[in-house]
Structures are given as C-alpha cells and as structure tokens.
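Asks: Next up is a structure, given as structure tokens.
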Amino acid sequence: MRNISLIASQVSTLPNSQLTAVAVDLDESVIYITSEQHSLDGNVDVEVWKVPQFRLGGVEEYADPTSVTMFTSIASSEEYGSSQVLSLRAISEFRKLAAIMRGGDITMISLEEEDSTPEVEGTFESGILSASWSPDESLLAILTGENKLVLMTSSFDIISEAPLHTSDFGEDSPINVGWGSKQTQFHGSLGKSAAQAPTITKVGHSLDDDSLPRISWRGDGAFFVVSSLSPDGSNDMRYRILRVYDRQAALQSTLEAVPGLEHTLCWRPSGNLIASTQRFGFEGAGAGREGRHDIVFFERNGLRHGEFSLRVEDLEVVKAPDSKNHILAVYIEKDDKDIVQLWTTGNYHWYLKHEISASGSPPRFTSMLWHPETASHLILTTKSEVIQRCFAWETLTSPSLPPNDSGLVAVFDGAKILLTPFRTQNVPPPMSSFQLSVSPDTSAPLVKTPAYASFSVEHDTLCILWESGYVELWALHTRLGPGAGKVMAPIKFWSGFVHEDRTICWHQVAILSHGDVWTVLALGFGKLTDVASMLSIEGGKSNCESYNLPFRNGRVLLGTPLVYQSQNGELFTYSHAEKLMKPVSKFPEFCVHAGYIPQDGASDLYVGLGKSGKLFITGAGLDTETISTVATSFTVASDYVIFTTSTHESIYAPFSSLKAIIQPSENGMKELPADWPTRKVERGSKIVVAVPSSMSLVLQMPRGNLETINPRPLVMTVVKQDLNAGNYRKAFFACRKHRIDLTVLVDHDCDAFLQQVPAFVGQVHEVDHLNLFLTMIGRSEQLPDTINKVCAAVRTQLEKIDLKKYVNTILTAHAVASPPDHEAGLSVLLRLRESDPDLVEDAVKYIIFLVDSDRLFDTALGMYDFSLVLLIAQHWQKDPREYLPFLRELRTFEKCYQRFRIDDHLKRFESALRNLSLGGPQYFNEAIAYIEKHQLYIAALSIWKNTDHYEAVLDIYGDWLFERREFRQAAAVFTEARKPQKAIVAHEKALEWQELFDIAIVTQLPQDDIVAAGYRVAEDLISKKRYAEAGRVLLDYAKDVREAVTAFVQGNLFSEARRIGNLNSRPELTEDIIYPASLESRAQISEDLAEMKEQLRKQRNRVRELRIRKVEEPDAFYGTEDTNLHNVDVMTDISMPATAFTRYTVAPTTASRSSKRSSRSKRKQERKVGSGRKGTVDEEEYLLKSLTKLVERFHTSQADAKALLPHMFQFTKEHRDEGVALQSEIAQFEEELRESLDEIWTRPIEDDTDAPQADSWASGMEAIAKSRHINTLDKVSKPELSQGSHWRMTLYDLQ
C-alpha cells in the first residue's frame, strides 16, 4: 500500500560534454563522472569530473562540478562512437579510481593527489567486452575480446582465466529422473509415439540485442552471472546463455535457453533473483503477442521465478534493469526520449510506481546507478547533466475526520490509481475497491505515472500531481456505509497546470477547501531553491500565486499546507501579507513522514519520523522530545499518536500526555509515561491507515498482505464519545463486538449512567442483551454497593415497563447482586405463579440455568413454601428419590418443628434454634443439646433472656467457657447464673483471689475450706512470682505468719517481711528466715554479676577483633571484590555466586534468585541475622544487641541490690561486711561496663582527605557499594546506664 515519493533532487550541469559513466566515492561523499570525446585518430579523450554527492538532510550549498584529470585511450574499433568506459569504480582500499576501457586499457587514477597522472595498469590486446567489480571491490571479472573470462584481484593479479563458452552445465548439475517430463505423461489415444516425439522450439535472441556480454554480481559477492550470446553456428540461431560462477570463477550452473532473452542483466542485491528481459512475437522469440516485452527472473539454479510485462507503448529497447532490493529500475529507450521506470512488488504483483523522463537535447540517458549505501538514491546521467534523486516510501491516505472519515488509501500503478476505502471495505492488494485510470492531456509530457496525490480534509476529493505540474481534481463520492452499488463514483471536475514554468520538477501537492473555493498547494524543485505554487479554484476559474522558498528539497506537512519543513528539519510558515517565512519549530533531523496534531484553542503540535527511526514531537515555543527511538511508522487518529516499533509493538500515545511532555522544564529532565497502551503486532508490520469511525487500524506485513485490528484505545475513544452523547446502544454493541468488558458503560460515569437507566433500557431493549450486561456487571470487580445500585436501577425500570416480558432479566438482576438475592428472585415467581403459570415455568428453567440448582432448591426450601420447592424440583436434574422422602417427612411435623428441621438442613443454625424455641418447653432439652452441638450460646442467651430457662443456658455457657480455659469469663457467667461454687473454682483458676475470697465470705464458706483455698492460691501466686500477693493471701486467709514472711523474702521484700514479723510479735522469724534469705539474695546477685562480667569481656574482645578485620580485610568481611577488576570481562556462561560485578547491576545472575523471597524465607533470614553465627557479617550487630540486653539485666540487679543493702547494714556484722563487698562489686562492674560501652559505641574518624576518584563505571560501583555498607552503630543505638549513685548507701563507704 506504499508509494515511492520523490523527496529530493539535484541536477549538476556539465555543458559541452558527453557523460558516459558514474562512480561513487563513499569515503569522500563525491561522485565521479567520465566525459568522452572521440578523436579522428581512433583514440578517445576521457575527462574525469567530480560532483558533490547530495545528502538527504544536509545543508550544503550547491557546488559546481570540477575537473579532476584527463587521459587518452585507444577506442574499440568494433564499437566506435559508443561509450568506451565500460566500468568506473572508486577503489576505497587504494584510494584510486579505476576506469576500464572498451579498447582494453585498465587506467588507475589516484584520488589522494591533486593533478595526478593517470596510469595504465595493463592492457588486453583483444579489447574488453564487459567488466564488473565485486561489491566488496576485492575481485574484478572481465570478458575479453577473445571470449575469455578473466577473474582478477583488486591488485590485478589473475586468479582464473578460462574460455567463456563451454558445454559443461557446472558443479550444481541437477539429476534428472524424468519426473514431470513429457515422456512420463499420459497422451491418451495418441499413444506412445506422441510421448516420444521430440518438441521442436526455436530459440533465438532479440532483434534489439547489442551482442555484447554482461556481468552482474550478487550482493554478497559470493557469485556472479554472465550473460552472453551462444557461439556462431552453421544452422542454429544464436541465443542468450546465462552462466553462474563463484568467487574462484568456477562454473556453478548454466541456465536453460530462453527464447527471445535479451542482453539486459541484473542480480538483485539480496541475492534471490536474477533479472533480465524477454521479447515475444517473432521467430526465435517467446510465444506471445508481437510487441510484448517482459521482465523475467531466474533463480541461481536456472529456474524461472515469475515475470511481468512492461507497460510502454512504442517500446524499442530496454537498455538495462537495475535493482536496489525493493525497487527495480528499468531504463527504457523510446523513439523520442528515454524513460526510467521504478517498479516494486508486493503479494506477487509488480507495481509501476514512478517514471523519470530524460531532458536535454537529445533527451537520452547515458548511465544509471543506485547509490551503494544510501537507500533509494538514484544517480542518472544524460549527455550533459548528472541527476541525483532520493526517494522514500510513503502511504497516501485520506486525512478526513469523523464522522466522514473514509480511510481512503491511494496506490500508484502506472496510469492507474488503486483506491480502497478501508472504512467500507478491506480489499487485500494487489486488488482494490476501485481503479481510477488517469491520463494527462496531450499537452502534458509523455510520462503518465503521477508523482504525488493528496486527499482533502473537508471533502471527499483527490488531487493528483504529475512532475510537469499538471494537476487533476477528482470528486470521489465514496460510499461510507454498507449498501448496494459502487463503492465510489469519481468525477473529474478540474485539470490544469499549477505553474507556467515547465522546467520545474513538481513533487508534492496538498489540497484544502473553504466552501466552494479550492486551494491547491504544489511544491517543486527549482534551479536553486524550492518553488511553492498556490492555486485557487472557484467556479472553474483559477488564480495562481507562486513564491520561492529559502531552502531546497523541503516538504509540506499534509493537513496544514502552510507549514514547510526544510532539509535540516526546521518548520516554517509563510505569511502572504509579509511575503516572509517565519520559523515555527524544528525537528532534530529531516523527517520525511511528518504530520500535525490539532489542539483546541492552542497552537498545533507536530510529529515527525526520521530516517534513524526516532519519532519526534514538537510545537511552537515548546521543546522537542523524542518519544521513540525504534519507530517504523506512525499515524495520528482518535486523540492518539499511534506508532509501530521494531520491537513488534504498536504504541498509542494520547495527545494529553504529549502536550505535557514537550512543555519547557526548569531541570530539563523528562520521563516518558510508562502507561501508554501497547499491543503486540506481527514482525515488520507498518501502519497503513487508521479509521477512527470504524475503530480500526490497518497494518501491512512485509510480504504485502493486510491485517485490520481494532485496538482498545481506538475502540474506547468511540465508546466514550457515544456514552457522552447518550448513544448507549452503539456503545453497547461496540463493546460486545470487540470483547470489551461491558462494565465500561458504568465505569465511564456511574452517576450519569444511573440517571440515564431509562434511556439505556429503552435503547438496549433486547432481553438477552440486558441479561448479558447484568451478568458482566455482577462478575466485575466493582464495589458491591455499585453492583447493587446498577442492578436495582435496571430492575426497577424493567418492572415499570413490563414485568412479564423482562422477568428473566429481573431474575438476573437478583442473581448477580452482591450478595445474590435468590429469595427475592423466587418471590417474583410467586407473584406471577397464579396469573401466568406457563411464564413462571419458563422462568424457573432460566433461573435454574443461571443459578446452581442445589442453592436454588435450598433457597426455595428456606422460604417454607413446598409448592415452590416442588416447582424447582420438577426442573431439577436430580433423582426424585433423593428429595421426596425428605419432603414427606417434613410434612409430618408441626409448623415450628418443621421449620426447625428445614433450617437445620440448610445449616441456618440460629434460625433453627429460634424456631425450636417457639415450639414450646417440651423441646427445651433438645434445644440444650442443639446449643452445645453447634455452640450457639450467645444466640441462646438472646432467645431465652427474661425466661425461666435463662440460668440453665448461662450454666452450660459457663461450663463451655471453663473448658476453653477462659476462667475469668466463666466466673462472671457462673456468678450471673447463681452458681457460687463454680464461680469460686473459676476465680481460683484465674488467680483472681480478691473475688474468690469475697464470694467465699459472702456465701459463708467453712473456715477450713477458706484456709485450704488460701494455701492453694498462694502456691499458684508464688509460681507466677507474685510474692507480695501470695504473702497477703497467706497472712489474711491462711493465718500463717511464717509462710507469709517466707513468701515476702522470696520476692526480695525484706521491709514487708520484717514489718509482718514484728507486727505479729514473731522475732524468731528474723533469725530463722530473714537473715539466711538476705545472704542467699546477696550470693545470687554476686553470681549474676560474675556471669555478666564474663559475658562483657568476651563480647568486647570479639567486637575489637571484628573491627580490626573490617579495616584490614574488608573484602573478606563484606564479601566483595577488588574494584580494580570491575572493568575486566571474565564472566562466563557458567552459573556462579554473586559478586560485586553483578551485585549492583541488572544482569541475570544467581543473585537474582534471592531478590524475591517468600515470607517463610524472609523469616528464616531474620532468624539467621539474629542468631549472630560466628564469622558472618551479622555477628557484630548480634553482639551489640546482646550488650544492650546485658545493660537491662544489670539494671535489674541494681534494683535488687538497692532494696537489699539497707537491711544488710542493719543486720549482723557478717551481713554488714557482705553488704560492703556487694556494693563494691556492683560499683566496679558498673565502671567497667560504662567504659566498655563508650569504647564500643565510639565511631571511627572517617578519612575525607582522599583524592576524588575518576568518573568511571568502577568508581561508581565502588561508591554504591560503600553506601550500602551501613555502619552497625546506626542499626543498634547505645544503651544508657543509670546516672548517679541512687542505689548506693553512703554508710557502707565509711566502713
């Protein structure tokens, strides 16, 4: 669907010359041309000229050709008067220009020295018939006048020399087993003789054959093909033979003889086809009509591979085809002038895309060459001109806007324009919806293939431009929708020229309309700058205004014809009033494909695709941003810039985000949004056209076939427009067709949809469609409240319209609610059961299909309506023997018990219990068992509250709590149930001794039982280390002073123990219990201090060792590598442990396996860190945390000593001495501990005097690694020791 558009042209003139050959110097970007002048002495004077090579996107000034050198050579006597330079090639390796002459000379000209003297490297005395260099310039193939094939190196050393004509087929000779031959076929009644009869076919050469051989190399230089006439014979006709050779000039294959095969020869650079020409209609030619002329193709093995006929009237000679992979250039010589045709292929069809006619006197081309590197750069020469033309692929599409967008695409094929409106039809090429035949008036040049075409935005109009400036305007009358009749009925309503000057080469056109006034803007190549011609047409009259542009080889942005782009990417607008070009913005490079993005109330944005694959976006006064670096095509439609990439994706960039991207920014840092919609496409796909009204995007594959997709962004744009306009039916069917969740109808604007539910139901009135909509809403991820609102609104509206018609939809609304309301749905059936039983039966079938049958049966059963249950059961796919016995059994019970059994069956236990309670007191024992079975205690309390059975329910509830060891709750329940004994036991188990003894005294429990309970409770309290409470219980309720004092001293409560002993006049307890206990407490504190001292010293020394190791051996400590090895590439494909090379990179290594840990592995890792295993990097952190806990333990010991020391001072001398020693031990350990903490939590002084590192990858990785080595002191804060000596006794210091 693409055309070849001329985007740049340059003509260099050499007057009074006879140009014959061209060569391209890729190193210097210049073109060398030879000019020949024959002398009377049989020699030829060759002058070499240099012309600057045109570069697309450059800003170089035009330069005149300059003469390089001149030399004289012997002219060939056989071809005297014709071109004597057979081959001209710039050899990059030696920086020389090689000219191979027909007379036999090989002349070399140095390109590095000015005024260098040409040197003849060698001469073939018999002359040279043909010569060709290999693409890599390492080999030279020559056919001498003696019909010998000579293969030479670039230094002219002979590799091979052999006769051209040979009877051998070659090394790739096929094996013929007769399959498909005439002898193996059935000939019916003619018999065996017909099969054995020889087929006589005369094979000759074309009358236009120049009898000269040709040589052509394959693109990779592995093979070359030679075309030559067969040797003269006495009787046989001479014919063309194609032979294929390898790089050693070994014959590989000989192609079968083809009648009428001509001398033209070209091997496609991609290597799959060899092109030539064939004539028909005379003896020795191909069988066909007279005058037929075909381009034929061969594979390397000699097989034919398709052909096509040329479309030139009065055809004389096809001089040469030349191929540039996707473009085939055919040089044709006619009676009056020469023409070069450019052909392309797609889907096995050859299109004539462009024609170039020769100018000058005589209008003949002398050579043709594709640029070896620059794509689609063609170099032609006439007698006195060097013509450089650059072409680009372009898809000509209609820019019409919705709702009149037709999606028209125009494809050139000679004098026919293939038109296809993709909104109406998707016709695969080479077919089309309509073929528009165009033919310029007789006053126009003979070239009939148009140069360019453009569609209008406002009307369905096509403007066609020829290079001569001739323009035709066609009203297409395209049918947009489906229907009968022609898809279009074109009418030509104007034709003429855009300018009087016929020497201008016009290459682009745009058309606008303002009411009845048509404006045609044509852009052409002038002599020095581009020329723009503005043609206004009104009522059949035209007015032309032209002006010169300040640049050459520019382009017009279609859609806004007053915006021009220069070769360096600058965008201009032209002011007619001021006659001045004003700059608008600039692309970073020249963009052949450019367009504009309309903006409401603001300046338009411009988007362009450069040759490099970069897609740019810019605007007036805005920045220029690159939104893709791998783009292959783009289009603008439906508020999106849609582009494909070489990563086989189509990306949809919304206008809103693009405007924000190119806004000027202070920091200059901008990031492209990552949420642009994308879609995978087939490899190599490119955009043909986007049709917003049909929500489609047409893509073309590399092989030529089309694929139409409906991207979600395009569909959603139209759907949102329809929803805003209240066109719910169109939006609904668009979503349904393109498999978009119907919930978007609600998500777009939920409040508006709820208000417009009557309109929605009125437009989408089909029951099935409403059912589908509600089902999708119910299955969506909407909030339950939203689902219920939508279902309720639709259901209410349908009930108002017609309950019977929409009963299935109403049932659906109940079924998809959140949660489903099956009971309400069955209630609808009950309402209709009496009035329309047939409808109810169908509705039951539907709801059974919609809802699980078991759930529906249970719902009906839970409504206690046996008639509804039977109605459901009749259409239930279940054996009646499974449910009928159960239903019969239920009918035997009285109402309350029946409902109890139904609720129990449905596992509605609370409802079942309530129904059972309504059955009367005779069922209370069963109710108690039911409560205990299903643990319905709370529900039972609410049911039997304020009844005689309330305390019984409380009793079983308390027992259940007691069994669950919830003693506190159980005690409260037993108290409420008036069960004091059980309450006392529960309080005892909960260690609530105050409540226990309160109840015991209130209920007048025997004194012996109270004392026993006191001992039991005190023992439990002591086990829980609640010594003060245990002592109080023993003293108050067990009346045991000795045991109470013992409990107090166990809790280090010596003051309370002494007070109780003296209060009860028991001084013996002081010597028997308190004195020994104080010494035991002192010994325990000393033992704890010794353990803490040993731990402190070990851990302090280990921290010192680790910190020394961290400084001296950081690699071993952190597990890192030497940063000097970071730039050494020693990675292999073998899986290895993570290193510093991969730790901070995204390369896939084994380190990535631990990047995503499960919760279990995270907990395991935390335990591993907390374990502090010796030798690990986490050991220091573990040691610091352990020291923090040691400080907390010391504070506890300090508090115990604070409570003990005053009493030991008041006891015996032995106690006083022990107190002095204990206070001294604690003070010494406190000092040692403080010094250790200060040492461990002191940060080392960081050295900031290092010289700054070089800005390299290795230094960056080292900085990242250093930042990730978090100091352990930052993780564990320093513990605080208590300040002062509040725990000490000053009197001890005086001892």
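Just remember, in the structure tokens the first chain shown is A, the second B, etc., residues are 1-based per chain, and ligands are 1-based in the order shown.
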Taking only segment 318-563 of chain A into account, list the residues labelled strand (DSSP E) by DSSP (computed from the backbone), as a ChimeraX atom specification.

Replies: /A:318-324,327-334,338-346,349-357,365-370,377-382,385-394,396-397,408-413,416-421,434-437,452-455,461-465,470-475,491-497,505-514,517-525,530-538,541-548,555-556,563

Asks: For Ile356 of chain A, please output as a list in words all residues within 8 Å (counting only C-alpha atoms; exclusion window: fewer than 2 positions along the same chain).

Replies: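 Near Ile356 of chain A, the qualifying residues are Ile339, Val340, Gln341, His354, Ala358 and Val447 of chain A.
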
Asks: Save out the residues we just selected, all heavy atoms, as a tab-separated table (two decimals), in the first residue's frame.

Replies:
```tsv
chain	number	residue	atom	x	y	z
A	339	ILE	N	13.24	6.79	-20.86
A	339	ILE	CA	12.46	6.80	-19.63
A	339	ILE	C	13.06	5.78	-18.67
A	339	ILE	O	13.46	4.69	-19.09
A	339	ILE	CB	10.98	6.48	-19.91
A	339	ILE	CG1	10.31	7.60	-20.69
A	339	ILE	CG2	10.22	6.28	-18.60
A	339	ILE	CD1	8.87	7.32	-21.03
A	340	VAL	N	13.10	6.15	-17.39
A	340	VAL	CA	13.46	5.20	-16.32
A	340	VAL	C	12.22	4.95	-15.49
A	340	VAL	O	11.60	5.90	-14.98
A	340	VAL	CB	14.60	5.75	-15.45
A	340	VAL	CG1	14.83	4.85	-14.23
A	340	VAL	CG2	15.89	5.85	-16.25
A	341	GLN	N	11.86	3.70	-15.38
A	341	GLN	CA	10.68	3.31	-14.60
A	341	GLN	C	11.14	2.64	-13.31
A	341	GLN	O	12.09	1.84	-13.31
A	341	GLN	CB	9.79	2.35	-15.39
A	341	GLN	CG	9.14	2.96	-16.60
A	341	GLN	CD	8.23	1.97	-17.31
A	341	GLN	OE1	8.30	0.76	-17.09
A	341	GLN	NE2	7.35	2.48	-18.18
A	354	HIS	N	6.86	4.92	-10.43
A	354	HIS	CA	7.42	6.22	-10.77
A	354	HIS	C	8.07	6.15	-12.14
A	354	HIS	O	8.60	5.08	-12.54
A	354	HIS	CB	8.45	6.66	-9.72
A	354	HIS	CG	8.81	8.10	-9.77
A	354	HIS	ND1	8.03	9.08	-9.22
A	354	HIS	CD2	9.88	8.74	-10.31
A	354	HIS	CE1	8.59	10.26	-9.40
A	354	HIS	NE2	9.72	10.08	-10.07
A	358	ALA	N	13.92	11.65	-19.64
A	358	ALA	CA	15.18	12.36	-19.88
A	358	ALA	C	14.87	13.74	-20.45
A	358	ALA	O	13.89	13.96	-21.16
A	358	ALA	CB	16.05	11.57	-20.83
A	447	VAL	N	5.13	11.13	-19.76
A	447	VAL	CA	5.10	10.35	-18.53
A	447	VAL	C	3.67	10.33	-17.99
A	447	VAL	O	3.07	11.38	-17.74
A	447	VAL	CB	6.06	10.93	-17.48
A	447	VAL	CG1	5.90	10.20	-16.17
A	447	VAL	CG2	7.49	10.83	-17.99
```

Asks: Which polymer residues have any atom within 12 Å of an atom of Asp41 of chain A, counting only C-alpha atoms, with same-chain residues fewer than 6 positions away left out, as a list of chain:residue names?

Replies: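 The neighbour list is A:Thr72, A:Ser73, A:Ile74, A:Ala75, A:Ser76, A:Ser77, A:Tyr80.
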
Asks: Identify, on the basis of only C-alpha atoms, every residue whose closest approach to Pro163 of chain A does not exceed 7 Å; exclude the query and any residue fewer than 6 positions from it along the same chain; express the result as a list in words.

Replies: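 These residues fall inside the cut-off: Asn147, Lys148 and Leu149 of chain A.
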
Asks: Separation of atom CA of Leu890 of chain A and atom CA of Arg855 of chain A, in Å?

Replies: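 The value is 18.9 Å.
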
Asks: Can you pull out every residue within 7 Å of segment 1183-1190 of chain A, counting only C-alpha atoms, but drop anything in the same chain fewer than 6 positions away, and send it as number ranges by chain?

Replies: A: 1092, 1099, 1276, 1279

Asks: Quick check, in Å to one decimal: how far apart do atom CA of Val1011 of chain A and atom CA of Arg1042 of chain A lie?

Replies: 14.7 Å

Asks: Name the closest residue to Val85 of chain A among the candidates A:Pro482, A:Gly1031, A:Gly127, A:Gly122; distances are taken between atoms, counting only C-alpha atoms.

Replies: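 So, comparing all the options, the nearest one is A:Gly127.
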
Asks: Report the distance between atom CA of Leu829 of chain A and atom CA of Ala843 of chain A in Å, rounded to one decimal place.

Replies: 7.6 Å

Asks: Segment 1220-1232 of chain A: which residues within 10 Å, counting only C-alpha atoms, same-chain residues fewer than 6 positions away excluded, as an mmCIF file with N, CA, C and O atoms, in the first residue's frame?

Replies:
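What ended up in result-v3.cif:
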```cif
data_model
loop_
_atom_site.group_PDB
_atom_site.id
_atom_site.type_symbol
_atom_site.label_atom_id
_atom_site.label_comp_id
_atom_site.auth_asym_id
_atom_site.auth_seq_id
_atom_site.Cartn_x
_atom_site.Cartn_y
_atom_site.Cartn_z
ATOM 1 N N ARG A 1082 22.111 -11.970 98.451
ATOM 2 C CA ARG A 1082 23.403 -11.343 98.132
ATOM 3 C C ARG A 1082 24.247 -12.251 97.271
ATOM 4 O O ARG A 1082 24.888 -11.812 96.305
ATOM 5 N N ALA A 1083 24.262 -13.563 97.590
ATOM 6 C CA ALA A 1083 25.051 -14.518 96.804
ATOM 7 C C ALA A 1083 24.519 -14.601 95.358
ATOM 8 O O ALA A 1083 25.298 -14.709 94.402
ATOM 9 N N ILE A 1085 23.015 -12.224 93.647
ATOM 10 C CA ILE A 1085 23.405 -11.018 92.912
ATOM 11 C C ILE A 1085 24.866 -11.108 92.504
ATOM 12 O O ILE A 1085 25.253 -10.737 91.386
ATOM 13 N N SER A 1086 25.719 -11.600 93.401
ATOM 14 C CA SER A 1086 27.142 -11.741 93.072
ATOM 15 C C SER A 1086 27.346 -12.720 91.918
ATOM 16 O O SER A 1086 28.183 -12.513 91.024
ATOM 17 N N LEU A 1089 26.450 -11.028 88.760
ATOM 18 C CA LEU A 1089 27.482 -10.079 88.352
ATOM 19 C C LEU A 1089 28.661 -10.783 87.702
ATOM 20 O O LEU A 1089 29.248 -10.289 86.727
ATOM 21 N N ALA A 1090 29.020 -11.934 88.239
ATOM 22 C CA ALA A 1090 30.148 -12.683 87.664
ATOM 23 C C ALA A 1090 29.824 -13.129 86.230
ATOM 24 O O ALA A 1090 30.666 -13.055 85.328
ATOM 25 N N MET A 1092 27.686 -11.707 84.172
ATOM 26 C CA MET A 1092 27.645 -10.525 83.310
ATOM 27 C C MET A 1092 29.045 -10.026 82.996
ATOM 28 O O MET A 1092 29.321 -9.567 81.875
ATOM 29 N N LYS A 1093 29.945 -10.108 83.979
ATOM 30 C CA LYS A 1093 31.311 -9.657 83.753
ATOM 31 C C LYS A 1093 32.007 -10.532 82.716
ATOM 32 O O LYS A 1093 32.695 -10.034 81.809
ATOM 33 N N LEU A 1096 30.579 -9.696 79.289
ATOM 34 C CA LEU A 1096 31.017 -8.391 78.800
ATOM 35 C C LEU A 1096 32.424 -8.466 78.235
ATOM 36 O O LEU A 1096 32.692 -7.925 77.154
ATOM 37 N N ARG A 1097 33.303 -9.133 78.918
ATOM 38 C CA ARG A 1097 34.694 -9.178 78.468
ATOM 39 C C ARG A 1097 34.835 -9.977 77.163
ATOM 40 O O ARG A 1097 35.583 -9.600 76.263
ATOM 41 N N VAL A 1191 22.899 -4.656 79.625
ATOM 42 C CA VAL A 1191 22.663 -3.436 80.409
ATOM 43 C C VAL A 1191 21.316 -3.523 81.109
ATOM 44 O O VAL A 1191 21.180 -3.135 82.284
ATOM 45 N N PHE A 1194 21.647 -5.729 84.071
ATOM 46 C CA PHE A 1194 22.380 -5.082 85.156
ATOM 47 C C PHE A 1194 21.484 -4.129 85.934
ATOM 48 O O PHE A 1194 21.593 -4.006 87.155
ATOM 49 N N HIS A 1195 20.610 -3.426 85.217
ATOM 50 C CA HIS A 1195 19.680 -2.529 85.911
ATOM 51 C C HIS A 1195 18.786 -3.308 86.863
ATOM 52 O O HIS A 1195 18.449 -2.836 87.964
ATOM 53 N N SER A 1197 19.583 -6.105 88.433
ATOM 54 C CA SER A 1197 20.410 -6.467 89.592
ATOM 55 C C SER A 1197 20.648 -5.266 90.487
ATOM 56 O O SER A 1197 20.693 -5.382 91.733
ATOM 57 N N GLN A 1198 20.801 -4.074 89.897
ATOM 58 C CA GLN A 1198 20.974 -2.857 90.676
ATOM 59 C C GLN A 1198 19.756 -2.598 91.558
ATOM 60 O O GLN A 1198 19.876 -2.224 92.732
ATOM 61 N N ALA A 1201 19.758 -4.948 94.470
ATOM 62 C CA ALA A 1201 20.755 -4.541 95.470
ATOM 63 C C ALA A 1201 20.305 -3.314 96.247
ATOM 64 O O ALA A 1201 20.557 -3.191 97.465
ATOM 65 N N LYS A 1202 19.633 -2.390 95.566
ATOM 66 C CA LYS A 1202 19.132 -1.189 96.231
ATOM 67 C C LYS A 1202 18.158 -1.549 97.350
ATOM 68 O O LYS A 1202 18.154 -0.917 98.415
ATOM 69 N N LEU A 1204 18.154 -4.479 98.957
ATOM 70 C CA LEU A 1204 18.776 -5.388 99.924
ATOM 71 C C LEU A 1204 19.800 -4.682 100.818
ATOM 72 O O LEU A 1204 19.897 -5.001 102.030
ATOM 73 N N LEU A 1205 20.557 -3.732 100.277
ATOM 74 C CA LEU A 1205 21.689 -3.166 101.011
ATOM 75 C C LEU A 1205 21.287 -2.504 102.331
ATOM 76 O O LEU A 1205 21.983 -2.681 103.354
ATOM 77 N N MET A 1208 20.904 -5.249 105.054
ATOM 78 C CA MET A 1208 22.145 -5.927 105.432
ATOM 79 C C MET A 1208 23.002 -5.045 106.330
ATOM 80 O O MET A 1208 23.760 -5.530 107.164
ATOM 81 N N PHE A 1209 22.886 -3.732 106.171
ATOM 82 C CA PHE A 1209 23.632 -2.836 107.048
ATOM 83 C C PHE A 1209 23.093 -2.890 108.481
ATOM 84 O O PHE A 1209 23.843 -2.697 109.440
ATOM 85 N N LEU A 1281 23.239 3.862 80.720
ATOM 86 C CA LEU A 1281 23.370 3.433 82.110
ATOM 87 C C LEU A 1281 22.736 4.490 83.015
ATOM 88 O O LEU A 1281 22.738 5.682 82.716
ATOM 89 N N SER A 1282 22.206 4.029 84.140
ATOM 90 C CA SER A 1282 21.595 4.968 85.091
ATOM 91 C C SER A 1282 22.671 5.895 85.651
ATOM 92 O O SER A 1282 23.766 5.465 86.021
ATOM 93 N N SER A 1285 24.363 7.789 91.905
ATOM 94 C CA SER A 1285 24.570 6.659 92.839
ATOM 95 C C SER A 1285 23.362 6.490 93.734
ATOM 96 O O SER A 1285 23.478 6.330 94.945
ATOM 97 N N TRP A 1287 21.475 4.094 94.051
ATOM 98 C CA TRP A 1287 21.338 2.744 94.597
ATOM 99 C C TRP A 1287 22.327 2.489 95.745
ATOM 100 O O TRP A 1287 22.188 1.502 96.488
ATOM 101 N N ARG A 1288 23.315 3.347 95.901
ATOM 102 C CA ARG A 1288 24.373 3.108 96.891
ATOM 103 C C ARG A 1288 23.922 3.561 98.283
ATOM 104 O O ARG A 1288 22.998 4.378 98.445
ATOM 105 N N MET A 1289 24.635 3.039 99.268
ATOM 106 C CA MET A 1289 24.477 3.512 100.661
ATOM 107 C C MET A 1289 25.786 4.156 101.099
ATOM 108 O O MET A 1289 26.848 3.521 101.078
ATOM 109 N N LEU A 1291 26.773 4.980 103.989
ATOM 110 C CA LEU A 1291 27.342 4.418 105.223
ATOM 111 C C LEU A 1291 28.301 3.273 104.922
ATOM 112 O O LEU A 1291 29.240 3.044 105.694
ATOM 113 N N TYR A 1292 28.063 2.565 103.862
ATOM 114 C CA TYR A 1292 28.994 1.482 103.512
ATOM 115 C C TYR A 1292 30.364 2.042 103.144
ATOM 116 O O TYR A 1292 31.386 1.382 103.360
ATOM 117 N N ASP A 1293 30.391 3.233 102.561
ATOM 118 C CA ASP A 1293 31.683 3.803 102.181
ATOM 119 C C ASP A 1293 32.512 4.232 103.390
ATOM 120 O O ASP A 1293 33.722 4.397 103.286
ATOM 121 N N LEU A 1294 31.824 4.391 104.552
ATOM 122 C CA LEU A 1294 32.552 4.798 105.756
ATOM 123 C C LEU A 1294 33.128 3.620 106.520
ATOM 124 O O LEU A 1294 33.828 3.824 107.518
ATOM 125 N N GLN A 1295 32.759 2.428 106.125
ATOM 126 C CA GLN A 1295 33.226 1.254 106.865
ATOM 127 C C GLN A 1295 34.697 0.970 106.586
ATOM 128 O O GLN A 1295 35.210 1.237 105.497
#
```

Asks: Can you list, as a CSV table (one decimal) with C-alpha atoms, in the first residue's frame, every protein, DNA or RNA residue that comes within 7 Å of segment 466-480 of chain A when you count only C-alpha atoms, leaving out same-chain residues fewer than 4 positions away?

Replies:
```
chain,number,residue,atom,x,y,z
A,406,SER,CA,-13.4,7.1,4.8
A,423,ARG,CA,-14.0,2.1,6.4
A,424,THR,CA,-16.2,0.4,3.8
A,444,ALA,CA,1.4,17.2,-20.9
A,445,PRO,CA,4.6,15.2,-21.1
A,450,PRO,CA,1.6,10.5,-11.3
A,451,ALA,CA,4.2,11.9,-9.0
A,452,TYR,CA,2.0,12.5,-6.0
A,460,ASP,CA,-14.1,13.6,-0.5
A,461,THR,CA,-11.7,15.0,-3.1
A,462,LEU,CA,-8.5,13.6,-4.6
A,487,VAL,CA,-18.1,1.9,-3.6
A,488,MET,CA,-17.3,5.2,-5.3
A,489,ALA,CA,-18.2,7.2,-8.4
A,490,PRO,CA,-15.3,9.5,-9.2
A,491,ILE,CA,-15.9,12.6,-11.4
A,492,LYS,CA,-13.0,14.9,-12.6
A,493,PHE,CA,-14.1,18.5,-12.1
A,494,TRP,CA,-10.8,20.4,-12.9
A,495,SER,CA,-7.5,19.9,-14.6
A,496,GLY,CA,-4.6,22.2,-15.5
A,497,PHE,CA,-1.1,23.3,-14.6
A,498,VAL,CA,0.0,24.8,-11.3
A,499,HIS,CA,2.7,26.9,-13.0
A,502,ARG,CA,7.7,23.5,-17.3
A,505,CYS,CA,10.1,19.3,-11.2
A,506,TRP,CA,6.9,19.2,-9.0
A,507,HIS,CA,6.9,16.5,-6.3
```
